[in-house]
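**Q** One structure is given below, represented as structure tokens, and several questions about it will come after.
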Amino acid sequence: MKMIKRIYSRIYYEADRFLPPAIVRKGGEKIALICYIRNPFRKNANIFHSNVIEAILIADSLCELGYTVKVVDYRYKGKINYSAYNLIIGFGEPFRNSFGYYENKIRHVSYLTGANPSFSNYAEALRLKKFRLRNGVLLQPQREVYWPWVFGVINSRSVIVVGNEWTASTYNGYNDNIFTVPVPFVCEPEL
């Protein structure tokens, strides 16, 4: 049964990349777009990862600040009418594509879930090299990150990094307004 639930959840996760922005919280006149993940906003969403809690907290916080909140998957490649938004927070293709449109109206906030991908990719490559030298086996990278993050970080009004001060320090020089939030703790749910 656990395996069926995981497969079902994975199918929905993959389908998210094709869905346009959808309202997840009704607030005031201002409209915010979260470019992150959609699955936390489904009925009976399971908490398998801290990103589910993060997405819900972001939406709830923006609603409390008077925003109507829409969410789109960070991998979405369709067209979005960015003129409708006052705030765009997140990362990925929709976030990157929002720059240059209505620049005086839209506030951009990069939301990053870990260390600078350049740092992380380098560290991953070094770990795999050391493993190969010790064991004679070459493993494929599992944690390489390739998404359009640099442009968004440099051009955002501010950056929120999930992690600590060290995590934020890997972005030094990219933006002067970097803030950290601690990683939420998630217990493994019983299925």
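Lettering and numbering for the structure tokens are positional, with chains as A, B, ... in the shown order, residues counted from 1 in each chain, and ligands counted from 1 in the shown order.
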Skip range 18-22 of chain A itself and residues of its chain fewer than 2 positions away, then list as a ChimeraX atom specification all residues within 8 Å of it, counting only C-alpha atoms.

**A** /A:15-16,24,33,70-73,76-78,80

**Q** Output as an MDAnalysis selection string all residues of range 37-175 of chain A that backbone DSSP marks as helix (DSSP H, G or I).

**A** chainID A and resid 39:41 50:64 82:84 93:97 117:135 150:155 165:169

**Q** What's the 12 Å shell around Asn164 in chain A, counting only C-alpha atoms, without same-chain residues fewer than 2 positions away, as a list in words?

**A**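 Neighbouring residues, sequence-local ones excluded: Leu112, Thr113, Gly114, Ala115, Ile160, Val161, Val162, Trp166, Thr167, Ala168, Ser169, Thr170, Tyr171, Ile178, Phe179, Thr180, Val181, Pro182, Val183 and Pro184 of chain A.
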
**Q** Output as JSON, numbers by chain all residues of chain A that backbone DSSP marks as strand (DSSP E).

**A** {"A": [22, 23, 24, 25, 30, 31, 32, 33, 34, 35, 36, 67, 68, 69, 70, 71, 72, 73, 87, 88, 89, 90, 107, 108, 109, 110, 111, 112, 158, 159, 160, 161, 162, 178, 179, 180, 181]}

**Q** Store the residues of this selection in a file with N, CA, C and O atoms, as a compact mmCIF listing (two decimals), in the first residue's frame.

**A**
# COMPACT_ATOMS: atom_id res chain seq x y z
N ALA A 22 -2.58 28.90 -9.86
CA ALA A 22 -3.90 28.72 -9.27
C ALA A 22 -3.96 29.40 -7.91
O ALA A 22 -2.97 29.41 -7.17
N ILE A 23 -5.11 29.95 -7.57
CA ILE A 23 -5.30 30.60 -6.27
C ILE A 23 -5.33 29.53 -5.18
O ILE A 23 -6.05 28.54 -5.28
N VAL A 24 -4.53 29.77 -4.11
CA VAL A 24 -4.51 28.85 -2.98
C VAL A 24 -4.94 29.53 -1.68
O VAL A 24 -5.26 28.85 -0.71
N ARG A 25 -4.90 30.86 -1.65
CA ARG A 25 -5.37 31.63 -0.49
C ARG A 25 -6.02 32.91 -0.99
O ARG A 25 -5.47 33.60 -1.82
N LYS A 30 -4.05 42.95 -3.40
CA LYS A 30 -2.72 42.65 -3.92
C LYS A 30 -2.64 41.16 -4.23
O LYS A 30 -3.24 40.34 -3.52
N ILE A 31 -1.88 40.81 -5.28
CA ILE A 31 -1.77 39.41 -5.67
C ILE A 31 -0.30 38.99 -5.66
O ILE A 31 0.56 39.67 -6.22
N ALA A 32 -0.02 37.86 -5.00
CA ALA A 32 1.33 37.31 -4.94
C ALA A 32 1.36 35.98 -5.69
O ALA A 32 0.38 35.23 -5.68
N LEU A 33 2.48 35.71 -6.32
CA LEU A 33 2.70 34.44 -7.01
C LEU A 33 3.87 33.74 -6.35
O LEU A 33 4.95 34.31 -6.23
N ILE A 34 3.63 32.52 -5.91
CA ILE A 34 4.70 31.68 -5.37
C ILE A 34 5.14 30.72 -6.47
O ILE A 34 4.33 29.93 -6.96
N CYS A 35 6.39 30.79 -6.86
CA CYS A 35 6.98 29.89 -7.85
C CYS A 35 7.78 28.85 -7.07
O CYS A 35 8.95 29.06 -6.75
N TYR A 36 7.13 27.75 -6.74
CA TYR A 36 7.78 26.75 -5.88
C TYR A 36 7.15 25.39 -6.18
O TYR A 36 7.38 24.86 -7.25
N TYR A 67 -2.41 39.63 0.84
CA TYR A 67 -2.28 39.18 -0.54
C TYR A 67 -3.24 38.04 -0.84
O TYR A 67 -3.46 37.17 0.00
N THR A 68 -3.80 38.04 -2.04
CA THR A 68 -4.39 36.83 -2.60
C THR A 68 -3.21 36.07 -3.19
O THR A 68 -2.37 36.65 -3.88
N VAL A 69 -3.12 34.80 -2.88
CA VAL A 69 -1.92 34.03 -3.22
C VAL A 69 -2.22 32.98 -4.28
O VAL A 69 -3.15 32.19 -4.15
N LYS A 70 -1.40 33.01 -5.33
CA LYS A 70 -1.43 31.98 -6.37
C LYS A 70 -0.12 31.21 -6.30
O LYS A 70 0.90 31.73 -5.83
N VAL A 71 -0.16 29.97 -6.77
CA VAL A 71 1.05 29.15 -6.78
C VAL A 71 1.20 28.52 -8.16
O VAL A 71 0.22 28.21 -8.83
N VAL A 72 2.46 28.39 -8.58
CA VAL A 72 2.80 27.72 -9.84
C VAL A 72 4.04 26.88 -9.58
O VAL A 72 4.90 27.25 -8.77
N ASP A 73 4.14 25.74 -10.22
CA ASP A 73 5.30 24.88 -10.08
C ASP A 73 6.53 25.57 -10.66
O ASP A 73 6.44 26.20 -11.71
N LEU A 87 3.73 40.88 -6.15
CA LEU A 87 4.87 40.22 -5.52
C LEU A 87 5.04 38.85 -6.16
O LEU A 87 4.06 38.12 -6.35
N ILE A 88 6.29 38.50 -6.46
CA ILE A 88 6.60 37.15 -6.95
C ILE A 88 7.75 36.64 -6.10
O ILE A 88 8.78 37.29 -5.97
N ILE A 89 7.53 35.47 -5.51
CA ILE A 89 8.53 34.87 -4.62
C ILE A 89 8.80 33.44 -5.08
O ILE A 89 7.88 32.73 -5.48
N GLY A 90 10.07 33.05 -5.05
CA GLY A 90 10.40 31.68 -5.40
C GLY A 90 11.66 31.55 -6.21
O GLY A 90 12.62 32.30 -6.03
N ARG A 107 7.44 43.29 -6.99
CA ARG A 107 8.58 43.05 -6.08
C ARG A 107 8.97 41.59 -6.24
O ARG A 107 8.11 40.71 -6.19
N HIS A 108 10.25 41.35 -6.40
CA HIS A 108 10.77 39.98 -6.53
C HIS A 108 11.55 39.60 -5.29
O HIS A 108 12.40 40.36 -4.82
N VAL A 109 11.27 38.40 -4.77
CA VAL A 109 12.01 37.85 -3.64
C VAL A 109 12.43 36.43 -4.02
O VAL A 109 11.59 35.57 -4.25
N SER A 110 13.75 36.20 -4.10
CA SER A 110 14.25 34.85 -4.37
C SER A 110 14.09 34.01 -3.11
O SER A 110 14.40 34.47 -2.01
N TYR A 111 13.61 32.79 -3.27
CA TYR A 111 13.46 31.86 -2.16
C TYR A 111 14.34 30.66 -2.48
O TYR A 111 14.09 29.94 -3.45
N LEU A 112 15.39 30.47 -1.70
CA LEU A 112 16.38 29.43 -1.98
C LEU A 112 16.40 28.42 -0.85
O LEU A 112 16.41 28.78 0.33
N SER A 158 15.20 41.14 -2.60
CA SER A 158 15.81 40.46 -1.46
C SER A 158 15.81 38.95 -1.70
O SER A 158 15.21 38.46 -2.64
N VAL A 159 16.53 38.25 -0.82
CA VAL A 159 16.70 36.81 -0.94
C VAL A 159 16.41 36.19 0.43
O VAL A 159 16.90 36.67 1.45
N ILE A 160 15.62 35.14 0.43
CA ILE A 160 15.38 34.35 1.63
C ILE A 160 16.03 33.00 1.40
O ILE A 160 15.75 32.32 0.41
N VAL A 161 16.91 32.60 2.35
CA VAL A 161 17.62 31.33 2.24
C VAL A 161 17.18 30.44 3.40
O VAL A 161 17.23 30.86 4.56
N VAL A 162 16.76 29.22 3.09
CA VAL A 162 16.44 28.25 4.13
C VAL A 162 17.77 27.66 4.59
O VAL A 162 18.51 27.07 3.81
N ILE A 178 20.08 39.55 2.09
CA ILE A 178 19.91 38.11 2.25
C ILE A 178 19.45 37.84 3.68
O ILE A 178 20.07 38.29 4.65
N PHE A 179 18.35 37.09 3.81
CA PHE A 179 17.78 36.73 5.10
C PHE A 179 17.70 35.21 5.20
O PHE A 179 17.51 34.53 4.20
N THR A 180 17.83 34.69 6.41
CA THR A 180 17.75 33.24 6.61
C THR A 180 16.51 32.88 7.41
O THR A 180 16.01 33.66 8.22
N VAL A 181 15.99 31.68 7.14
CA VAL A 181 14.95 31.07 7.96
C VAL A 181 15.42 29.65 8.26
O VAL A 181 16.03 29.00 7.41

**Q** Can you measure CA of Lys79 in chain A to CA of Arg96 in chain A for me? One decimal in Å is fine.

**A**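 A separation of 12.5 Å between them.
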
**Q** Would you pick out the contacts of Tyr74 in chain A at 8 Å or less, using only C-alpha atoms, so that residues sharing its chain but fewer than 6 positions from it are not included, and give the list as a PyMOL selection string?

**A** chain A and resi 17+35-37+90-95
